[in-house]
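Worksheet: the structure to be examined is printed underneath.
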Amino acid sequence: MPDNYESESRKLLGRLRDTLAEEGAGQERLDRITSIIAGSMRADVCSIYLFRDPDTLELCATEGLKQEAVHQTRMRIGEGLVGRVARTSTPVNTSDAPSAKGFRFMPETGEEKFSSFLGLPIQRLGETLGVLVVQSKDAYVYTDDEVYALEVVAMVLAEMTELGAFVGEGAAMGARHTQQAMFRGSTGQEGAAEGYVYLHEPRVVVTNPIADDPHEEMRRLEEAMATLRGSVDDMLGAVGKNPDKEQMKVLEAYRMFANSKSWGRRIEENIGLGLSAEAAVEKEQSATRARMQSVPDAYLRERLHDLDDLSNRLLRLLTGQGSDTGAEMPENPILVAKNIGPGELLDYGKKLKGIVLEEGSVGSHAAIVARAWAIPLVINAKRILTEALNGDHILVDGDQGVVHLRPEDAVASAFRDKIAMQTQAQQRYASIRDKPATTVDGKTISLHMNAGLIADLPSLIGSGAEGVGLFRTELQFLTRAHVPRRSELAAIYSSVMDAAQGKQVVFRTLDIGSDKVLPYMKPTEEPNPAMGWRAIRVGLDKKGVMRMQLQALIRAANGRPLSVMFPFVAQFDEFREARQHLLDELDRERKLGHALPADVKIGAMLETPSLAFAPKQFFELADFISIGGNDLKQFFFAADRENERVRKRYDTLNVSFLTFLEQIVARCQDTNTPMSFCGEDAGRPIEAMCFAAIGMRTLSMRPASIGPVKSLLRRVDLGEAKAVIDAARASGAQSVRPAVMDWLTGRNNKS
């Protein structure tokens with residue numbers, strides 16, 4: 001880039017900095033800035049548009065257009081050339097604006113007499129805050145150098161907007177991070193919580209975007225780059241002692257980017273135009289994030305993500321704003337993050353009142369932990385990280401998948417009423433904690449809890465559960481950086497049995513694959529991982545891991561009864577082979593003189609429709625069967641439970657699915673095989689009652705659901721419920737839910 005452009009750019013940024021330092025209202029600053037930019041670019045017009053809401057831009061300042069149009073001219077995102085820039089986050093540069101695709105004529109501005117148009121997004125880290133426009137009467141295409149210089153100016157405007165330099169009247173110039181905001185996501189875990197934001201990774205704030213001395217900024221950049229490269233080399237050195245091919249590949253990519261001359265050169269060019277070192281890095285990071293959104297190739301997106309992560313590390317080195325900013329965890333903390341692994345989440349402990357994630361899925365590690373802790377979780381809450389600040393008041397409605405940030409008093413009051421009602425209900429459930437779930441017609445349903453952490457076990461007594469119907473053993477693998485030792489697992493499983501105080505615990509063997517990828521296991525690229533190499537398939541292929549886990553379970557029992565369940569069994573031979581592995585390990589432990597379990601029960605999770613049609617010998621051989629409702633439903637309806645567009649289309653009480661479950665119940669009754677239903681639906685009172693009505697006598701759910709389920713079961717006649725279900729089925733209804741709800745409402749009205 002020519003030296004004169006660098007000097008002109010630095011002069012322009014210097015004038016902008018002086019303007020920003022002067023006293024005055026936000027509108028005055030913005031007006032002066034448009035005048036300065038127009039003069040520097042020798043343009044007839046300079047205009048700044050800012051978002052007043054996520055879909056609408058507003059003209060907030062102009063030099064050259066009619067002043068009466070300010071705060072009056074608005075356009076939807078995608079509308080006109082300005083809206084096109086906002087929608088695509090890419091510049092529009094044309095010498096004949098009226099003939100350009102998408103041009104919108106706005107007579108109130110008087111812009112029809114201007115031919116040339118250059119519009120650039122005002123964006124910060126991938127978030128577009130507005131659009132900067134320069135126009136001229138003469139037909140002219142702005143040069144690459146001019147576009148680049150204005151991109152630098154736009155980046156500074158974004159930083160100053162973020163810091164509140166342009167606060168004024170109206171929604172578009174309102175102070176950021178002060179208005180109430182609502183985010184619609186998806187339910188990861190039901191429940192409601194009120195508290196204050198605690199950011200998992202507080203974002204870096206650039207307070208000095210414009211630099212006085214480019215040479216000093218270059219020195220700071222070089223120093224930070226050297227530290228960054230050294231840290232990557234250290235990580236590679238540490239892994240080199242215990243090499244892992246996949247981890248090495250990731251770190252080699254890190255090192256390649258950290259030593260990339262083109263990446264460093266682009267940052268240096270930004271400094272040359274007048275930015276501080278951190279602002280220069282952030283400008284390049286914004287460009288990287290814009291590219292990430294438009295790249296369809298998953299591998300390239302992952303590499304750009306690596307570069308984005310390196311930029312974050314470099315920014316923290318330059319600003320001194322590390323992950324630990326010194327911000328104290330507030331009272332009633334609600335964790336807000338882009339995504340989070342199980343190990344990081346477990347580090348926070350149960351002090352969290354709720355979790356909100358920008359990404360995530362209903363089957364993610366975070367969701368599993370949130371369910372175990374019975375704390376509300378909302379996933380896919382897009383853009384919340386751009387709005388939330390540490391300490392912000394926040395309401396999390398896990399039932400509806402809604403988050404209220406900085407809520408108004410009326411919203412907070414209504415929300416507290418909801419929490420109070422839930423608290424009263426829990427107190428009511430506590431009164432029946434030690435009573436059996438016996439229905440009006442004398443049928444007793446055994447209610448068990450699901451768990452995955454030792455910390456869950458105190459809930460066994462407090463919830464009134466009769467045992468642990470599912471203990472997820474994969475969390476002990478997912479939260480470690482290496483394969484746990486047999487002795488470690490044996491100690492954990494023994495502690496679980498101790499905490500159960502003699503009640504049954506059903507241990508599900510390692511269920512990994514799909515969305516549960518071990519950090520030390522090579523990930524496999526599969527087009528449909530939920531139906532791929534996972535669970536029992538991994539165990540039968542990786543026999544060493546299965547043997548080690550089975551040995552740990554046997555040794556943990558140490559003379560006590562042991563129940564083991566194999567997950568995701570699709571055919572009889574898989575169960576027969578896995579069962580034989582356990583019998584072989586029992587024989588080996590006996591020969592070694594180790595104590596054997598007092599009793600061993602070997603079961604299978606029925607999560608695939610194929611297993612429901614297995615030979616009768618399977619049902620005779622299995623000591624028990626547990627229907628894995630979450631997976632079984634998604635395979636039955638061919639509807640991915642991670643896909644919000646299809647997940648909610650299919651009702652658990654659909655006649656087809658309920659009839660299918662009834663057939664499984666009948667097959668188990670025919671062979672006297674104990675069976676249970678395990679999954680989210682078991683913890684929903686209406687569904688649980690219907691399962692009991694078609695013959696299920698054991699249900700396993702999260703601890704917090706046992707009270708509501710027991711409360712309803714103790715108030716209904718299952719014979720009547722079965723008659724309602726049969727009548728709805730005979731009528732040709734798609735789901736029995738409406739009929740069941742009408743019946744329950746009628747009963748309540750009578751009582």
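Lettering and numbering for the structure tokens are positional, with chains as A, B, ... in the shown order, residues counted from 1 in each chain, and ligands counted from 1 in the shown order.
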| Selection near region 49-53 of chain A, 10 Å with only C-alpha atoms, sequence-local residues under 6 positions removed, as a list in words |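 Counting only the stated atoms, we get Leu59, Cys60, Ala61, Thr62, Val70, His71, Thr73, Arg74, Met75, Arg76, Ile77, Val82, Gly83, Ala86, Pro121, Ile122, Thr128, Leu129, Gly130, Val131, Leu132, Val133, Thr161, Gly170, Ala171, Ala172, Met173 and Gly174 of chain A.
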Inset, instruction - Find the residues around region 380-395 of chain A up to 9 Å (only C-alpha atoms counted), leave out those fewer than 5 positions away in its own chain, and share them as a ChimeraX atom specification. - result: /A:127,176-178,181-187,192-199,202-203,327,329-330,333-334,336-338,356-361,401-407,412,415
Dump of C-alpha atoms for the selected residues, as a compact mmCIF listing (two decimals), in the first residue's frame:
```
# COMPACT_ATOMS: atom_id res chain seq x y z
CA GLU A 127 -21.52 -8.69 14.31
CA ARG A 176 -25.56 -0.77 24.08
CA HIS A 177 -25.89 -3.42 26.77
CA THR A 178 -28.48 -1.39 28.67
CA ALA A 181 -33.50 -8.12 25.27
CA MET A 182 -35.23 -11.45 24.75
CA PHE A 183 -33.62 -14.47 23.11
CA ARG A 184 -35.52 -17.48 21.81
CA GLY A 185 -33.55 -20.69 21.89
CA SER A 186 -34.39 -24.32 22.56
CA THR A 187 -34.98 -26.26 25.75
CA ALA A 192 -36.79 -21.58 35.58
CA ALA A 193 -34.01 -19.55 37.18
CA GLU A 194 -33.33 -15.90 37.97
CA GLY A 195 -29.82 -14.63 38.49
CA TYR A 196 -26.92 -12.67 37.06
CA VAL A 197 -24.75 -13.30 34.02
CA TYR A 198 -21.36 -14.93 34.44
CA LEU A 199 -19.54 -15.13 31.10
CA PRO A 202 -15.50 -12.55 28.74
CA ARG A 203 -14.93 -10.81 25.42
CA ALA A 327 -14.59 -10.66 37.72
CA MET A 329 -18.85 -14.82 40.26
CA PRO A 330 -22.10 -13.04 41.15
CA PRO A 333 -24.80 -17.07 38.67
CA ILE A 334 -26.21 -17.93 35.26
CA VAL A 336 -23.47 -17.75 29.48
CA ALA A 337 -21.16 -19.26 26.84
CA LYS A 338 -20.88 -20.07 23.16
CA VAL A 356 -27.40 -20.38 28.43
CA LEU A 357 -25.49 -21.44 25.32
CA GLU A 358 -25.32 -19.86 21.86
CA GLU A 359 -24.82 -23.34 20.42
CA GLY A 360 -25.28 -26.80 21.94
CA SER A 361 -27.79 -29.60 21.43
CA GLY A 401 -36.43 -22.07 25.72
CA VAL A 402 -36.55 -18.30 26.33
CA VAL A 403 -34.02 -15.96 27.97
CA HIS A 404 -34.80 -12.43 29.23
CA LEU A 405 -31.72 -10.22 29.57
CA ARG A 406 -32.02 -7.06 31.69
CA PRO A 407 -35.81 -7.61 31.98
CA ALA A 412 -39.35 -10.12 36.26
CA PHE A 415 -41.30 -14.74 36.15
```
Could you jot down the CA of Thr19 (chain A) to CA of His215 (chain A) separation for me, Å, one decimal place?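 Going from CA of Thr19 (chain A) over to CA of His215 (chain A), I get 23.6 Å.
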- Query: For Lys601 (chain A), which of A:Leu314, A:Ala622, A:Leu125, A:Met497 is the closest residue, counting only C-alpha atoms?
  - Reply: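 For Lys601 (chain A), the nearest of the given residues is A:Ala622.
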Item to check | Straight-line distance linking CA of Phe677 (chain A) with CA of Thr438 (chain A), stated in Å to one decimal | outcome: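 Distance reported for this atom pair: 17.4 Å.
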_Using DSSP secondary structure from the backbone, list all strand (DSSP E) positions within region 447-660 of chain A, as an MDAnalysis selection string._
chainID A and resid 447:451 468:472 505:508 562:569 600:606 624:628
re CA of Ala100 (chain A) and CA of Leu57 (chain A): distance 19.7 Å
>> Excluding Phe660 (chain A) and its own-chain neighbours fewer than 4 positions away, which residues fall within 9 Å of it when counting only C-alpha atoms? Please give them as number ranges by chain.
In response: A: 609, 612, 655-656, 664-665
So that I can see what lies close to Leu510 (chain A), please list as a CSV table (one decimal) with C-alpha atoms, in the first residue's frame the residues with an atom at most 7 Å from it, counting only C-alpha atoms and leaving out residues fewer than 6 positions away in the same chain.
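The new file part_12.csv reads:
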```csv
chain,number,residue,atom,x,y,z
A,473,THR,CA,-20.6,-44.1,32.7
A,474,GLU,CA,-19.3,-42.1,29.8
A,535,ALA,CA,-22.0,-47.2,21.9
```
**Asked** Could you write out, as number ranges by chain, all the residues of region 222-448 of chain A that DSSP marks as helix (DSSP H, G or I)?
**Response** A: 222-240, 245-258, 261-272, 277-294, 298-319, 342-351, 365-373, 384-387, 409-430
In terms of the shortest atom-to-atom distance over only C-alpha atoms, which of A:Glu269, A:Asp234, A:Glu278, A:Asp441 is closest to Arg714 (chain A)?
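Selected residue with least distance to Arg714 (chain A): A:Asp441.
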| task | Please identify all polymer residues within 6 Å of Gly398 (chain A), counting only C-alpha atoms, omitting same-chain residues fewer than 5 positions from it, and present them as number ranges by chain. | result | A: 187, 189-192, 376-378
